[in-house]
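Notes to accompany the following structure.
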Amino acid sequence: MNNRSFYKFNSLLIIFILLVSVGCKKFLNQKPITEVGPDLVFLDVPSTYKAISGVYSRLVGDQGYGIRLSLYFPVDNDEMQGPTGASDNDRRDIARFSATAGNAQISNPFNQIFQGIEFANICIANIPRMDKYTNGSDQEKKQLQRMYGEALTLRSQFYLEAIRNWGDLPVHFQPASELALTNPLPTRVDRDTLYAHMLDDLKTAEALVPWRNDVTSIGDPLDERITKGAVKALRARIALYRGGYSLRQDGTMKRGSDYQTYYQIARDECNDIITSGQHNLNPSFKALWKSQVCAHAITDPDGELIFQASGAGLTGAEDTKLGYYNGPTVNGLGNKSINVLPTYFYLFDSTDQRRDVTCAVYNVAANGSTKVGQAITAICDGKYRRDWVTSPTISPTSQVQYLGLKWQIIRYSDVLLMFAEAENELNGPTSAAYNAINMVRRRGYGKPIGTPDATVDLPTGLSKATFFAAVVRERALELGGEGTRKYDLIRWNLLGSALNDTKANLLKMSTSTVMLNPSYMAGYPSYSLATTLPVSMFYFSSTTSDDNNVGGLWANSFYKTAPGSTPAGTTKVVWLSAAINTTALARYATGYTPGKSELLPIPQPARDVNANLLQNPGY
C-alpha cells in the first residue's frame, strides 16, 4: 500500500461525506453533512455522533462482517466448511486454504478494514481536541469521552481482524493525512508491537466508556453501541491472541515466553465483567438466537450480546447477508454455503439443546413453514436463519438477500469460556474455572444456570490438560458458526491436528466405521462412537416444528440404527453413506499447508503499490 491505497482516505471532506451518509447503526437517524472539516465534524455531540457511526459502518457490508469476514474467512475448521463446487480462485478457495494473493475476495476486505482504522484514527485525533471535550457540560463531556473510547475500541477490533488473518502489518495509529507526510510506504512491524498498542488503547477506553447500566445516566439511549463490557471483553480476547501461537515470518508457529502475562490480563478482564453483574446468559440458547438475534430485537435484557455488528439498508455497503448466504433455504431462496461437518454434528450430546440451534437439519418448503429434512452432508449452520427472521417477517417468495441481522462479535458465554481457559492456564482447574464453564454447559442443556447439576457439569478432578481439552470442546459446542473457531485453533497451535483428525473421522463415517476421539480436545459422547448410527433418517413430511425427534421433525434417533422400513407419514433421506467421502471430505481443507495456511496472503494489489509489504510465508 502507498499513499494511493493505504492512505487514500486522507481527505476529511471525502471521508466524512461517506461517514455521515452511510452509517450502519439502525438506532442512528443522521443527515448528511455536505461541507465538512474538523471544525464542523467535531463541533458538538450530535455531529461527532455521526462521525462515530461512520466508524461502526466499516464493520459490516459485503466486505466486512456482512459476509466475507464472517462467512468466507473463518472456514474450513472442525465445525463448518465452506461452499460446494470446483476450485474458483474465489470464495471456495479461501475456505479450502487455497487462496492466492490475486484472489479478488481478499483485497476488498483488507481495504475496508483499513478504512475502518482510518475512520477511527480521525475520530481519535480530533475528539480530544474539541472545546466541548474539556469545557462542555458534564453530560457533553461524558458523551464525548464515550465516543473517544468507542473509536479506540473499534480501531482495536479492526486491527485484531487484520492481524489474525494477515499477521504483521504496518503501524497506522494516526490519520493518514499525518502519516503520509513521514511514511508513505510503510513496512510491516511485528504484531506484538501492534497488540501492545491495542491493549494500552483498550485500557484507556475502559475508563471512558460506561457500563451498559450506566448508559442512560449520561444521556445516551440503551442501544447496540459499545459499552465497558465490550471493551473489557475485546481486551481479554486480544490478550489471548497475544499470549497464543501465531505464524511468524520465518514460517514457524510461536508464542512468546511471557505468554502467561497476557493470560493474566484476559483472566482479570473477564473476571471484572463476571463480577460486575452487568451481563448474564439468556436462559434459553434457542431464544437467544431465534427471539433475540433473528427477531431484530433492539434491546437485550440479559446483556449477553456484548459486541455486535449491525446491518441495515438492504445494500451491500452496510447490511449483512447473514441468513441468506448461510442457513437453510426457504422456497429455494438462499445459498446454503456454510455446511455443518458430520463429525461436528456428532460432537453434541443428544440432549444438548445447542445442537438443533447450531445445526439446521432442514430446508423450508415454498409455503415458508413446512420443513424438508436434509442428509447430513447438506445440513447448514443454523444460528442465522431466514425462516426465523421476524420484525418484519420475510415472505417465502421474497428474493431479498440482505436481512439486517447482527453479526455477534462477542457474547457473554465467550467471556465465561475465556475466563475458564485463562484461569486454568494460570492456576489449574479451580472452582472458579469450573463454575464459568459449567454455567455455559447448563444453559446449553436447558438447566438452571446457577444451580450445580451433576448430569451436565464437568466431572471434578480433571487435570490442567484435561480441563483445557474440555474448554477446547466447549468453545466448539457453544460458539459454532460464530467465526471464532479457526482462529482459536490457530492460537492454540491445534489447527493442523483438528483438520487431520476431522478428515480421518469423516472417512470413517463414510464407511460406517467407528470414529476415534480427537487428539486435541475432549471426546465424543460414547454413543456417537458406534456402528449403530443410522444410515437413513425419516422426517415427518408436514411438520413445521423447529425441534427434532420427539414431537418434531424426525421420526427416528440420530444415534440409533434406522428402522428397516419407512414409518407412516414420513419421508426417507440418506444419512450416513459414502457421500460423506465424495462431498464433505472431498472438498474439506484440501489446500491446508502447515506453516502457510495459518495466514492469508497479503493481497497483490496492496503489494503492487507498496513493495515494502513483504508477502506471508509460503505464498
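Quick note on naming: the chains in the C-alpha cells go A, B, ... in the order shown, residues restart at 1 in each chain, and ligands are numbered from 1 in order of appearance.
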| request: Name the residues in contact with Leu533 of chain A at a cut-off of 8 Å, using only C-alpha atoms, excluding same-chain residues fewer than 2 positions from it; report them as a PyMOL selection string. | output: chain A and resi 528+530-531+535+558-562+576
Okay, now the selection with N, CA and C atoms, as a JSON list (two decimals), in the first residue's frame?
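Full text of result02.json as output:
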[["chain", "number", "residue", "atom", "x", "y", "z"],
["A", 528, "SER", "N", -21.89, -41.75, 20.12],
["A", 528, "SER", "CA", -21.50, -41.29, 18.79],
["A", 528, "SER", "C", -20.40, -42.15, 18.21],
["A", 530, "ALA", "N", -20.02, -45.40, 17.58],
["A", 530, "ALA", "CA", -20.70, -46.69, 17.48],
["A", 530, "ALA", "C", -21.01, -46.99, 16.02],
["A", 531, "THR", "N", -21.23, -48.27, 15.73],
["A", 531, "THR", "CA", -21.62, -48.69, 14.39],
["A", 531, "THR", "C", -23.13, -48.66, 14.21],
["A", 535, "VAL", "N", -28.11, -45.08, 8.91],
["A", 535, "VAL", "CA", -27.77, -44.78, 7.51],
["A", 535, "VAL", "C", -28.91, -44.04, 6.83],
["A", 558, "PHE", "N", -30.99, -39.89, 15.83],
["A", 558, "PHE", "CA", -29.71, -39.72, 15.15],
["A", 558, "PHE", "C", -28.65, -40.69, 15.66],
["A", 559, "TYR", "N", -28.91, -41.36, 16.76],
["A", 559, "TYR", "CA", -27.87, -42.12, 17.45],
["A", 559, "TYR", "C", -28.14, -43.63, 17.48],
["A", 560, "LYS", "N", -29.25, -44.07, 16.86],
["A", 560, "LYS", "CA", -29.59, -45.48, 16.87],
["A", 560, "LYS", "C", -29.83, -45.99, 15.46],
["A", 561, "THR", "N", -29.73, -47.29, 15.29],
["A", 561, "THR", "CA", -29.95, -47.91, 13.98],
["A", 561, "THR", "C", -31.30, -47.50, 13.41],
["A", 562, "ALA", "N", -31.33, -47.23, 12.13],
["A", 562, "ALA", "CA", -32.56, -46.78, 11.48],
["A", 562, "ALA", "C", -33.57, -47.90, 11.35],
["A", 576, "LEU", "N", -26.01, -41.35, 6.79],
["A", 576, "LEU", "CA", -24.59, -41.69, 6.72],
["A", 576, "LEU", "C", -24.35, -42.61, 5.53]]
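For the residues A:Gln604, A:Thr227, A:Ser276, A:Ser284, ranking by smallest atom-to-atom distance to Val357 of chain A using only C-alpha atoms places A:Ser284 first.
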| task | Excluding Leu194 of chain A and any residue of its chain fewer than 3 positions from it, enumerate the residues within 12 Å of it, using only C-alpha atoms, and give them as a list in words. | result | Arg155, Ser156, Gln157, Phe158, Tyr159, Leu160, Ala162, Ile163, Arg164, Gly167, Asp168, Leu169, Pro170, Val171, His172, Phe173, Arg188, Val189, Asp190, Arg191, His197, Met198, Leu199, Asp200, Asp201, Ile238, Ala239, Tyr241 and Arg242 of chain A
| If you count only C-alpha atoms, which residues fall within 8 Å of Tyr148 of chain A, apart from same-chain ones fewer than 6 positions away, as a count of residues only? | 6
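The closest residue to Thr582 of chain A, picked from A:Leu426, A:Met509, A:Ile265, A:Ala366 and counting only C-alpha atoms, is A:Met509.
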| query | Can you list every residue in segment 290-406 of chain A that DSSP puts in alpha helix (DSSP H), as JSON, numbers by chain? | reply | {"A": [342, 343, 344, 345, 355, 356, 357, 358]}
| Nearest candidate to Ala312 of chain A (options A:Lys228, A:Lys406, A:Lys254, A:Arg354; using only C-alpha atoms) | A:Lys406
| Hey, what's within 9 Å of Leu495 of chain A if we count only C-alpha atoms and toss same-chain stuff fewer than 4 positions away? As a PyMOL selection string, please? | chain A and resi 77-78+486-491+499-500+594+598
Generate the output file for the selected residues, N, CA and C atoms, as a short mmCIF file (atom, residue, chain, number, x, y, z; two decimals), in the first residue's frame.
data_model
loop_
_atom_site.label_atom_id
_atom_site.label_comp_id
_atom_site.auth_asym_id
_atom_site.auth_seq_id
_atom_site.Cartn_x
_atom_site.Cartn_y
_atom_site.Cartn_z
N ASN A 77 -12.97 -25.21 9.30
CA ASN A 77 -12.44 -25.53 10.62
C ASN A 77 -12.98 -26.90 11.01
N ASP A 78 -13.04 -27.23 12.26
CA ASP A 78 -13.55 -28.56 12.64
C ASP A 78 -15.04 -28.51 12.97
N LYS A 486 -11.68 -21.22 13.83
CA LYS A 486 -10.40 -21.36 13.14
C LYS A 486 -9.31 -20.58 13.86
N TYR A 487 -9.65 -19.41 14.32
CA TYR A 487 -8.66 -18.55 14.97
C TYR A 487 -8.31 -19.07 16.36
N ASP A 488 -9.28 -19.67 17.06
CA ASP A 488 -8.96 -20.34 18.32
C ASP A 488 -7.96 -21.45 18.09
N LEU A 489 -8.22 -22.30 17.10
CA LEU A 489 -7.33 -23.43 16.82
C LEU A 489 -5.92 -22.95 16.47
N ILE A 490 -5.83 -21.84 15.76
CA ILE A 490 -4.51 -21.30 15.41
C ILE A 490 -3.79 -20.82 16.65
N ARG A 491 -4.47 -20.07 17.51
CA ARG A 491 -3.77 -19.53 18.69
C ARG A 491 -3.40 -20.63 19.68
N LEU A 499 -7.77 -30.43 11.78
CA LEU A 499 -8.11 -30.77 10.40
C LEU A 499 -7.79 -32.22 10.10
N ASN A 500 -6.65 -32.70 10.55
CA ASN A 500 -6.27 -34.09 10.28
C ASN A 500 -7.21 -35.08 10.97
N PRO A 594 0.74 -26.68 6.62
CA PRO A 594 1.27 -26.12 7.88
C PRO A 594 2.37 -25.10 7.59
N GLU A 598 -2.02 -20.83 8.05
CA GLU A 598 -2.48 -20.12 9.25
C GLU A 598 -2.73 -18.64 8.99
#
| Using the chain letters and numbers from this document, which residues of segment 99-303 of chain A does DSSP assign to strand (DSSP E), as JSON, numbers by chain? | {"A": [246, 247, 253, 254]}
| message | Applying 10 Å and only C-alpha atoms, which residues near Tyr324 of chain A remain after dropping the ones on its own chain fewer than 4 positions away? List them as a ChimeraX atom specification. | response | /A:67,320,328-330,333-337,384-386,399-403
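Straight-line separation from atom CA of Leu599 of chain A to atom CA of Leu69 of chain A: 13.7 Å.
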Proximity check segment 187-306 of chain A to segment 51-54 of chain A, 12 Å, nearest pairs one decimal Å, only C-alpha atoms, as a tab-separated table:
residue	atom	partner	partner_atom	distance
A:Glu224	CA	A:Ser53	CA	11.4
A:Arg225	CA	A:Ser53	CA	9.5
A:Ile226	CA	A:Ile52	CA	11.1
Could you save those same residues with C-alpha atoms as an mmCIF file, in the first residue's frame?
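The file below, part-v5.cif, is the result:
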data_model
loop_
_atom_site.group_PDB
_atom_site.id
_atom_site.type_symbol
_atom_site.label_atom_id
_atom_site.label_comp_id
_atom_site.auth_asym_id
_atom_site.auth_seq_id
_atom_site.Cartn_x
_atom_site.Cartn_y
_atom_site.Cartn_z
ATOM 1 C CA GLU A 224 -26.184 -1.516 20.404
ATOM 2 C CA ARG A 225 -23.179 0.736 20.872
ATOM 3 C CA ILE A 226 -20.062 -0.398 22.682
#
| request: Select, from A:Thr275, A:Ser291, A:Ser398, A:Trp575, the residue with the minimum atom-to-atom distance to Gln374 of chain A, counting only C-alpha atoms. | output: A:Trp575
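Interatomic distance, atom CA of Leu152 of chain A to atom CA of Cys294 of chain A: 29.0 Å.
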